[in-house]
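Undergrad: First the structure, which I've put down as structure tokens, then a few questions once you've had a look.
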Amino acid sequence: MIADIIEKLKDEPAAMIVRAASSKDLAQCQKDMAEIQLAPIPQGYIDFLRNVNGFAFNGIEFYSTDNVTDPESDYTLIDVVTANEDFAEYNEDLAHCVLLGRADDDLYVYNTQTQKYEVLDFTGHDSMEEFDNFDQMFVSVVTPRI
């Protein structure tokens with residue numbers, strides 16, 4: 001479960017766990033996605049952002065509603081709107097996907113056609129794993145790196 005992983009990593013210096021997103025943060029994020037004609041952030045990811053507005057650990061990133069810089073490491077986690085704007089520009093074949101995060105050679109997306117969360121290969125965009133909900137995907141990708 002996500003809450004268990006977050007609790008386990010909350011004191012880990014290498015983990016960047018961002019404060020919860022506010023309703024205002026989430027509304028602005030959805031508005032910004034609509035303005036650039038991209039699919040909205042899926043509800044499962046919205047629920048995650050309400051608890052953790054961005055996450056980075058051991059090479060894994062899940063984007064936040066705004067750019068967040070860790071004061072200790074000076075590492076900046078980019079926002080989901082910017083990530084999707086850049087993603088859409090270079091990946092027209094994946095216009096049906098909402099980019100949620102990445103790690104190494106993996107992309108974490110929500111496929112609006114299949115309504116599944118997927119782990120895609122960075123270069124070929126092949127779906128390597130799919131999940132019915134965001135919680136399943138998060139646990140699957142983060143747990144092995146703890």
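Ordering of the structure tokens sets the chain letters (A, B, ...); residue numbers start at 1 within each chain; ligands are numbered from 1 in the order shown.
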As an MDAnalysis selection string, which residues of chain A does DSSP assign to strand (DSSP E)?

TA: chainID A and resid 16:17 55:57 60:62 68:69 76:77 97:103 106:111 116:121 127:131

Undergrad: Got a sec: who's within 6 Å of Arg102 of chain A, counting only C-alpha atoms, leaving out chain neighbours fewer than 2 positions off, as an mmCIF file with C-alpha atoms, in the first residue's frame?

TA:
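This is the output file around.cif:
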data_model
loop_
_atom_site.group_PDB
_atom_site.id
_atom_site.type_symbol
_atom_site.label_atom_id
_atom_site.label_comp_id
_atom_site.auth_asym_id
_atom_site.auth_seq_id
_atom_site.Cartn_x
_atom_site.Cartn_y
_atom_site.Cartn_z
ATOM 1 C CA ILE A 60 11.940 6.900 -9.653
ATOM 2 C CA GLU A 61 9.969 10.110 -10.163
ATOM 3 C CA ASP A 106 10.627 3.384 -17.999
ATOM 4 C CA LEU A 107 7.721 5.775 -18.382
ATOM 5 C CA TYR A 108 4.720 5.623 -16.058
#

Undergrad: Could you list, as a PyMOL selection string, every residue within 10 Å of His125 of chain A, counting only C-alpha atoms and ignoring same-chain residues fewer than 2 positions away?

TA: chain A and resi 91+93-94+105-107+119-123+127-128

Undergrad: With C-alpha atoms retained, could you export that selection as an mmCIF file, in the first residue's frame?

TA:
data_model
loop_
_atom_site.group_PDB
_atom_site.id
_atom_site.type_symbol
_atom_site.label_atom_id
_atom_site.label_comp_id
_atom_site.auth_asym_id
_atom_site.auth_seq_id
_atom_site.Cartn_x
_atom_site.Cartn_y
_atom_site.Cartn_z
ATOM 1 C CA ASN A 91 5.480 11.430 -28.753
ATOM 2 C CA ASP A 93 1.826 8.324 -31.138
ATOM 3 C CA LEU A 94 1.105 8.413 -27.381
ATOM 4 C CA ASP A 105 14.251 3.600 -19.163
ATOM 5 C CA ASP A 106 10.627 3.384 -17.999
ATOM 6 C CA LEU A 107 7.721 5.775 -18.382
ATOM 7 C CA VAL A 119 4.853 0.990 -17.516
ATOM 8 C CA LEU A 120 6.212 1.780 -20.972
ATOM 9 C CA ASP A 121 9.670 1.221 -22.382
ATOM 10 C CA PHE A 122 11.240 4.676 -22.827
ATOM 11 C CA THR A 123 12.602 4.080 -26.323
ATOM 12 C CA SER A 127 3.818 -1.608 -22.664
ATOM 13 C CA MET A 128 5.763 -3.791 -20.254
#

Undergrad: Given the choices A:Glu35, A:Asp135, A:Ile46, A:Phe57, which gets closest to Asp11 of chain A if the distance is worked out from only C-alpha atoms?

TA: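 Looking at the shortest contact to Asp11 of chain A, the residue is A:Phe57.
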
Undergrad: Calculated over only C-alpha atoms, which of the candidates A:Asn133, A:Thr114, A:Ser73, A:Ser23 has the smallest distance to Arg50 of chain A?

TA: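 The answer is A:Ser23, which sits nearest to Arg50 of chain A.
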
Undergrad: Using only C-alpha atoms, which protein or nucleic acid residues come within 7 Å of segment 74-83 of chain A? Drop anything in the same chain fewer than 4 positions from it, and give the result as a ChimeraX atom specification.

TA: /A:29,32-33,63-70,87,99-100

Undergrad: Could the residues in this selection be written to a file with N, CA and C atoms, as a PDB file, in the first residue's frame?

TA:
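Generated output (out.pdb):
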ATOM      1  N   CYS A  29      -3.849  22.534 -11.956  1.00  0.00           N
ATOM      2  CA  CYS A  29      -3.191  21.517 -12.779  1.00  0.00           C
ATOM      3  C   CYS A  29      -4.142  21.015 -13.873  1.00  0.00           C
ATOM      4  N   ASP A  32      -4.687  23.749 -16.448  1.00  0.00           N
ATOM      5  CA  ASP A  32      -3.522  23.887 -17.321  1.00  0.00           C
ATOM      6  C   ASP A  32      -3.465  22.765 -18.359  1.00  0.00           C
ATOM      7  N   MET A  33      -3.797  21.553 -17.959  1.00  0.00           N
ATOM      8  CA  MET A  33      -3.823  20.418 -18.904  1.00  0.00           C
ATOM      9  C   MET A  33      -4.860  20.680 -19.999  1.00  0.00           C
ATOM     10  N   TYR A  63       5.545  12.872 -10.850  1.00  0.00           N
ATOM     11  CA  TYR A  63       5.483  14.325 -10.944  1.00  0.00           C
ATOM     12  C   TYR A  63       4.449  14.950 -10.015  1.00  0.00           C
ATOM     13  N   SER A  64       4.685  16.231  -9.700  1.00  0.00           N
ATOM     14  CA  SER A  64       3.834  16.993  -8.786  1.00  0.00           C
ATOM     15  C   SER A  64       2.985  17.995  -9.574  1.00  0.00           C
ATOM     16  N   THR A  65       2.196  18.784  -8.869  1.00  0.00           N
ATOM     17  CA  THR A  65       1.378  19.799  -9.537  1.00  0.00           C
ATOM     18  C   THR A  65       2.179  21.046  -9.871  1.00  0.00           C
ATOM     19  N   ASP A  66       3.338  21.199  -9.269  1.00  0.00           N
ATOM     20  CA  ASP A  66       4.220  22.329  -9.583  1.00  0.00           C
ATOM     21  C   ASP A  66       5.663  21.894  -9.365  1.00  0.00           C
ATOM     22  N   ASN A  67       6.606  22.630  -9.938  1.00  0.00           N
ATOM     23  CA  ASN A  67       8.016  22.292  -9.746  1.00  0.00           C
ATOM     24  C   ASN A  67       8.365  22.406  -8.267  1.00  0.00           C
ATOM     25  N   VAL A  68       9.048  21.402  -7.758  1.00  0.00           N
ATOM     26  CA  VAL A  68       9.425  21.371  -6.350  1.00  0.00           C
ATOM     27  C   VAL A  68      10.921  21.071  -6.268  1.00  0.00           C
ATOM     28  N   THR A  69      11.646  21.886  -5.505  1.00  0.00           N
ATOM     29  CA  THR A  69      13.084  21.673  -5.335  1.00  0.00           C
ATOM     30  C   THR A  69      13.372  21.237  -3.910  1.00  0.00           C
ATOM     31  N   ASP A  70      14.122  20.157  -3.785  1.00  0.00           N
ATOM     32  CA  ASP A  70      14.533  19.659  -2.481  1.00  0.00           C
ATOM     33  C   ASP A  70      15.655  20.558  -1.967  1.00  0.00           C
ATOM     34  N   PHE A  87       6.242  15.756 -23.349  1.00  0.00           N
ATOM     35  CA  PHE A  87       5.976  14.391 -23.795  1.00  0.00           C
ATOM     36  C   PHE A  87       5.120  14.400 -25.060  1.00  0.00           C
ATOM     37  N   LEU A  99       1.384  11.220 -18.997  1.00  0.00           N
ATOM     38  CA  LEU A  99       2.653  10.880 -18.356  1.00  0.00           C
ATOM     39  C   LEU A  99       2.596  11.270 -16.886  1.00  0.00           C
ATOM     40  N   LEU A 100       2.862  10.302 -16.002  1.00  0.00           N
ATOM     41  CA  LEU A 100       2.802  10.530 -14.560  1.00  0.00           C
ATOM     42  C   LEU A 100       4.178  10.525 -13.913  1.00  0.00           C
TER      43      LEU A 100
END

Undergrad: Where does DSSP see alpha helix (DSSP H) in segment 10-121 of chain A, if you list the residues as JSON, numbers by chain?

TA: {"A": [23, 24, 25, 26, 27, 28, 29, 30, 31, 32, 33, 34, 35, 43, 44, 45, 46, 47, 48, 49, 50, 51, 80, 81, 82, 83, 84, 85, 86, 87, 88, 89, 90]}

Undergrad: Filtering to C-alpha atoms, could you give me those residues as a JSON list (two decimals), in the first residue's frame?

TA:
[["chain", "number", "residue", "atom", "x", "y", "z"],
["A", 23, "SER", "CA", -7.58, 21.54, -3.99],
["A", 24, "LYS", "CA", -6.36, 24.76, -5.59],
["A", 25, "ASP", "CA", -3.16, 23.03, -6.80],
["A", 26, "LEU", "CA", -5.17, 20.21, -8.33],
["A", 27, "ALA", "CA", -7.73, 22.48, -9.99],
["A", 28, "GLN", "CA", -4.97, 24.62, -11.52],
["A", 29, "CYS", "CA", -3.19, 21.52, -12.78],
["A", 30, "GLN", "CA", -6.35, 20.21, -14.48],
["A", 31, "LYS", "CA", -7.06, 23.67, -15.93],
["A", 32, "ASP", "CA", -3.52, 23.89, -17.32],
["A", 33, "MET", "CA", -3.82, 20.42, -18.90],
["A", 34, "ALA", "CA", -7.08, 21.44, -20.58],
["A", 35, "GLU", "CA", -5.61, 24.72, -21.84],
["A", 43, "GLN", "CA", -8.59, 10.25, -10.60],
["A", 44, "GLY", "CA", -6.23, 7.61, -9.17],
["A", 45, "TYR", "CA", -3.28, 9.96, -9.60],
["A", 46, "ILE", "CA", -5.27, 12.89, -8.23],
["A", 47, "ASP", "CA", -5.89, 10.79, -5.10],
["A", 48, "PHE", "CA", -2.13, 10.17, -4.83],
["A", 49, "LEU", "CA", -1.36, 13.89, -5.20],
["A", 50, "ARG", "CA", -3.83, 14.71, -2.43],
["A", 51, "ASN", "CA", -1.54, 12.76, -0.11],
["A", 80, "VAL", "CA", 3.03, 16.99, -14.42],
["A", 81, "VAL", "CA", 1.79, 19.66, -16.85],
["A", 82, "THR", "CA", 5.28, 20.53, -18.11],
["A", 83, "ALA", "CA", 6.17, 16.85, -18.32],
["A", 84, "ASN", "CA", 3.08, 16.14, -20.42],
["A", 85, "GLU", "CA", 3.55, 19.17, -22.65],
["A", 86, "ASP", "CA", 7.09, 18.03, -23.48],
["A", 87, "PHE", "CA", 5.98, 14.39, -23.80],
["A", 88, "ALA", "CA", 3.15, 15.27, -26.22],
["A", 89, "GLU", "CA", 5.49, 17.32, -28.39],
["A", 90, "TYR", "CA", 7.84, 14.40, -29.02]]

Undergrad: Nearest residue to Ile41 of chain A out of A:Val98, A:Ile146, A:Val109, A:Met137, using only C-alpha atoms?

TA: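 Under the stated criterion, the closest residue is A:Val98.
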
Undergrad: In Å to one decimal, how far is atom CA of Gln136 of chain A from atom CA of Asp4 of chain A?

TA: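 Straight-line distance from atom CA of Asp4 of chain A to atom CA of Gln136 of chain A works out to 12.9 Å.
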
Undergrad: For atom CA of Ala103 of chain A and atom CA of Pro144 of chain A, quote the distance in Å rounded to one decimal.

TA: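 Pair atom CA of Ala103 of chain A / atom CA of Pro144 of chain A returns 12.6 Å.
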
Undergrad: Rounded to one decimal place, report the atom CA of Met1 of chain A-atom CA of Val139 of chain A distance in Å.

TA: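 Atom CA of Val139 of chain A lies at a distance of 6.4 Å from atom CA of Met1 of chain A.
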
Undergrad: Out of A:His96, A:Glu118, A:Pro71, A:Phe55, which residue has the shortest atom-to-atom distance to Ala21 of chain A when counting only C-alpha atoms?

TA: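 Of the candidates, the smallest distance to Ala21 of chain A is held by A:Phe55.
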
Undergrad: Have a look at A:Val52, A:Glu129, A:Leu38, A:Asp104 and name the one nearest to Glu92 of chain A; count only C-alpha atoms.

TA: A:Leu38
